[in-house]
Amino acid sequence: MKAWKFKLKSSPKEISEKLESELKSIGGFVFHMNLEKNKSVTFKVRKRILYAWYIAFQNWTVVKGELLKNDTENRTNVEITFNQHFFIKLIIFTHIILVLGFLIAIISGINVNSTEYILGGTLLALGIVLWIAVQRKFEKDIQKYKSLITDILEI
């Protein structure tokens, strides 16, 4: 989870309306907005899944934001966090559990043969490559979302 904070000279309602209208005009995004009692607005943005294979290629990052009204001035404190999608976390944790299962089986000596060593080593190598790829994709997505939000809000 990465956080990004900044201040704008607009009300939370104006900022949220601007975000919603721009993201709907671009298309391909899901935008959920929630007005709360204490003059704050929360929102959530992610890319829409149109086809099943989009989970693996596009829908890796979820943007959650909160717009807080500053009472002393006509300013809004904006706090945005970037998280990985639940399915990506699930894939990584499943992979870790599989590798740990193979390691436990090899250490305990349960039916150990050369194919299990090969399969365990392959899963471990694949897991390392997957972890590196996910982290790089996450950083790229964060930069893309930051530039998109910067362009929309004219920061």
# chains A, B, ... in the order shown; residues from 1 in each chain; ligands from 1
$ residues_around --residues "Thr61 (chain A)" --least-positions-apart "4" --cutoff "9 Å" --atoms "only C-alpha atoms" --output "list in words"
Val45, Arg46, Lys47, Phe82, Asn83, Gln84, His85, Lys137, Phe138, Asp141 and Ile142 of chain A
$ write_last_selection --atoms "C-alpha atoms" --output "PDB file, in the first residue's frame"
ATOM      1  CA  VAL A  45     -11.207   3.808  -8.656  1.00  0.00           C
ATOM      2  CA  ARG A  46     -10.128   0.711 -10.550  1.00  0.00           C
ATOM      3  CA  LYS A  47     -10.096  -0.473 -14.121  1.00  0.00           C
ATOM      4  CA  PHE A  82      -2.851   2.563  -3.912  1.00  0.00           C
ATOM      5  CA  ASN A  83      -3.469  -1.125  -3.167  1.00  0.00           C
ATOM      6  CA  GLN A  84      -3.024  -4.318  -5.114  1.00  0.00           C
ATOM      7  CA  HIS A  85      -6.196  -6.062  -6.217  1.00  0.00           C
ATOM      8  CA  LYS A 137       3.594  -3.595 -12.596  1.00  0.00           C
ATOM      9  CA  PHE A 138       2.330  -2.104  -9.335  1.00  0.00           C
ATOM     10  CA  ASP A 141       0.303   1.487 -12.351  1.00  0.00           C
ATOM     11  CA  ILE A 142       0.883   3.908  -9.478  1.00  0.00           C
TER      12      ILE A 142
END
$ select_by_dssp --residues "chain A" --states "strand (DSSP E or B)" --output "ChimeraX atom specification"
/A:2-8,29-35,40-47,61-70,75-84
$ write_last_selection --atoms "C-alpha atoms" --output "PDB file, in the first residue's frame"
ATOM      1  CA  LYS A   2       1.381   3.376  -1.024  1.00  0.00           C
ATOM      2  CA  ALA A   3      -0.031   6.734   0.103  1.00  0.00           C
ATOM      3  CA  TRP A   4      -0.111  10.077  -1.675  1.00  0.00           C
ATOM      4  CA  LYS A   5      -1.224  13.314   0.059  1.00  0.00           C
ATOM      5  CA  PHE A   6      -1.741  16.837  -1.256  1.00  0.00           C
ATOM      6  CA  LYS A   7      -4.009  19.900  -0.860  1.00  0.00           C
ATOM      7  CA  LEU A   8      -6.310  21.574  -3.380  1.00  0.00           C
ATOM      8  CA  PHE A  29     -12.917   2.764 -15.068  1.00  0.00           C
ATOM      9  CA  VAL A  30     -15.176   1.945 -12.135  1.00  0.00           C
ATOM     10  CA  PHE A  31     -15.671   4.950  -9.844  1.00  0.00           C
ATOM     11  CA  HIS A  32     -17.516   4.635  -6.524  1.00  0.00           C
ATOM     12  CA  MET A  33     -18.114   7.732  -4.438  1.00  0.00           C
ATOM     13  CA  ASN A  34     -19.462   7.966  -0.888  1.00  0.00           C
ATOM     14  CA  LEU A  35     -20.475  11.219   0.794  1.00  0.00           C
ATOM     15  CA  SER A  40     -15.567  14.162   3.704  1.00  0.00           C
ATOM     16  CA  VAL A  41     -15.886  12.261   0.469  1.00  0.00           C
ATOM     17  CA  THR A  42     -14.389   8.830  -0.116  1.00  0.00           C
ATOM     18  CA  PHE A  43     -13.912   7.303  -3.529  1.00  0.00           C
ATOM     19  CA  LYS A  44     -12.546   4.157  -5.104  1.00  0.00           C
ATOM     20  CA  VAL A  45     -11.207   3.808  -8.656  1.00  0.00           C
ATOM     21  CA  ARG A  46     -10.128   0.711 -10.550  1.00  0.00           C
ATOM     22  CA  LYS A  47     -10.096  -0.473 -14.121  1.00  0.00           C
ATOM     23  CA  THR A  61      -4.282  -1.722  -8.745  1.00  0.00           C
ATOM     24  CA  VAL A  62      -7.146  -0.238  -6.725  1.00  0.00           C
ATOM     25  CA  VAL A  63      -7.083   3.473  -5.874  1.00  0.00           C
ATOM     26  CA  LYS A  64      -8.841   4.576  -2.689  1.00  0.00           C
ATOM     27  CA  GLY A  65      -9.113   8.236  -1.848  1.00  0.00           C
ATOM     28  CA  GLU A  66     -10.505  10.538   0.783  1.00  0.00           C
ATOM     29  CA  LEU A  67     -11.286  14.227   0.378  1.00  0.00           C
ATOM     30  CA  LEU A  68     -11.383  16.099   3.707  1.00  0.00           C
ATOM     31  CA  LYS A  69     -12.680  19.663   3.982  1.00  0.00           C
ATOM     32  CA  ASN A  70     -10.335  22.042   5.793  1.00  0.00           C
ATOM     33  CA  ARG A  75      -8.969  23.938   0.863  1.00  0.00           C
ATOM     34  CA  THR A  76      -9.357  20.209   0.653  1.00  0.00           C
ATOM     35  CA  ASN A  77      -6.891  17.685   1.971  1.00  0.00           C
ATOM     36  CA  VAL A  78      -6.632  14.798  -0.487  1.00  0.00           C
ATOM     37  CA  GLU A  79      -5.297  11.443   0.664  1.00  0.00           C
ATOM     38  CA  ILE A  80      -5.011   8.671  -1.926  1.00  0.00           C
ATOM     39  CA  THR A  81      -3.795   5.131  -1.302  1.00  0.00           C
ATOM     40  CA  PHE A  82      -2.851   2.563  -3.912  1.00  0.00           C
ATOM     41  CA  ASN A  83      -3.469  -1.125  -3.167  1.00  0.00           C
ATOM     42  CA  GLN A  84      -3.024  -4.318  -5.114  1.00  0.00           C
TER      43      GLN A  84
END
$ residues_around --residues "region 115-122 of chain A" --least-positions-apart "4" --cutoff "8 Å" --atoms "only C-alpha atoms" --output "PyMOL selection string"
chain A and resi 99+102-103+106+126
$ atom_distance --atom1 "CA of Phe93 (chain A)" --atom2 "CA of Ile128 (chain A)"
12.3 Å
$ closest_residue --among "A:His95, A:Leu130, A:Asn74, A:Gly28" --to "Pro12 (chain A)" --atoms "only C-alpha atoms"
A:Asn74
$ decode --residues "region 16-46 of chain A" --atoms "N, CA and C atoms" --output "compact mmCIF listing (two decimals), in the first residue's frame"
# COMPACT_ATOMS: atom_id res chain seq x y z
N SER A 16 -14.74 15.78 -6.34
CA SER A 16 -15.30 14.47 -6.63
C SER A 16 -16.13 14.49 -7.91
N GLU A 17 -16.87 15.58 -8.14
CA GLU A 17 -17.64 15.69 -9.38
C GLU A 17 -16.72 15.75 -10.60
N LYS A 18 -15.63 16.46 -10.46
CA LYS A 18 -14.66 16.56 -11.56
C LYS A 18 -14.03 15.20 -11.86
N LEU A 19 -13.62 14.49 -10.80
CA LEU A 19 -13.06 13.15 -10.98
C LEU A 19 -14.06 12.22 -11.65
N GLU A 20 -15.29 12.24 -11.15
CA GLU A 20 -16.31 11.34 -11.68
C GLU A 20 -16.61 11.63 -13.15
N SER A 21 -16.77 12.90 -13.50
CA SER A 21 -17.10 13.23 -14.89
C SER A 21 -15.95 12.88 -15.84
N GLU A 22 -14.71 13.16 -15.43
CA GLU A 22 -13.57 12.87 -16.30
C GLU A 22 -13.35 11.37 -16.47
N LEU A 23 -13.47 10.61 -15.37
CA LEU A 23 -13.25 9.17 -15.47
C LEU A 23 -14.36 8.48 -16.27
N LYS A 24 -15.58 8.99 -16.16
CA LYS A 24 -16.67 8.41 -16.97
C LYS A 24 -16.49 8.75 -18.44
N SER A 25 -15.96 9.92 -18.75
CA SER A 25 -15.76 10.29 -20.15
C SER A 25 -14.61 9.49 -20.77
N ILE A 26 -13.60 9.15 -19.96
CA ILE A 26 -12.50 8.34 -20.48
C ILE A 26 -12.99 6.94 -20.77
N GLY A 27 -13.77 6.36 -19.85
CA GLY A 27 -14.29 5.01 -20.01
C GLY A 27 -13.30 3.98 -19.51
N GLY A 28 -13.81 2.79 -19.18
CA GLY A 28 -12.96 1.71 -18.74
C GLY A 28 -12.64 1.72 -17.26
N PHE A 29 -13.19 2.68 -16.50
CA PHE A 29 -12.92 2.76 -15.07
C PHE A 29 -14.20 2.58 -14.29
N VAL A 30 -14.07 2.02 -13.08
CA VAL A 30 -15.18 1.95 -12.13
C VAL A 30 -14.89 2.98 -11.06
N PHE A 31 -15.84 3.87 -10.82
CA PHE A 31 -15.67 4.95 -9.84
C PHE A 31 -16.82 4.89 -8.86
N HIS A 32 -16.51 4.65 -7.59
CA HIS A 32 -17.52 4.63 -6.52
C HIS A 32 -17.23 5.79 -5.59
N MET A 33 -18.27 6.57 -5.30
CA MET A 33 -18.11 7.73 -4.44
C MET A 33 -19.08 7.61 -3.28
N ASN A 34 -18.64 8.04 -2.08
CA ASN A 34 -19.46 7.97 -0.89
C ASN A 34 -19.34 9.27 -0.12
N LEU A 35 -20.45 9.98 0.01
CA LEU A 35 -20.47 11.22 0.79
C LEU A 35 -20.73 10.86 2.25
N GLU A 36 -19.88 11.38 3.14
CA GLU A 36 -20.03 11.07 4.56
C GLU A 36 -20.49 12.30 5.33
N LYS A 37 -20.87 12.10 6.58
CA LYS A 37 -21.45 13.16 7.39
C LYS A 37 -20.46 14.27 7.75
N ASN A 38 -19.21 13.92 7.96
CA ASN A 38 -18.25 14.91 8.47
C ASN A 38 -17.55 15.66 7.35
N LYS A 39 -18.27 16.03 6.32
CA LYS A 39 -17.76 16.84 5.20
C LYS A 39 -16.63 16.15 4.44
N SER A 40 -16.60 14.85 4.46
CA SER A 40 -15.57 14.16 3.70
C SER A 40 -16.21 13.31 2.61
N VAL A 41 -15.45 13.07 1.59
CA VAL A 41 -15.89 12.26 0.47
C VAL A 41 -14.85 11.16 0.27
N THR A 42 -15.30 9.93 0.19
CA THR A 42 -14.39 8.83 -0.12
C THR A 42 -14.71 8.31 -1.50
N PHE A 43 -13.69 7.86 -2.20
CA PHE A 43 -13.91 7.30 -3.53
C PHE A 43 -12.97 6.13 -3.76
N LYS A 44 -13.32 5.34 -4.75
CA LYS A 44 -12.55 4.16 -5.10
C LYS A 44 -12.54 4.05 -6.62
N VAL A 45 -11.35 3.88 -7.20
CA VAL A 45 -11.21 3.81 -8.66
C VAL A 45 -10.42 2.55 -9.00
N ARG A 46 -10.88 1.83 -10.00
CA ARG A 46 -10.13 0.71 -10.55
C ARG A 46 -10.55 0.53 -11.99
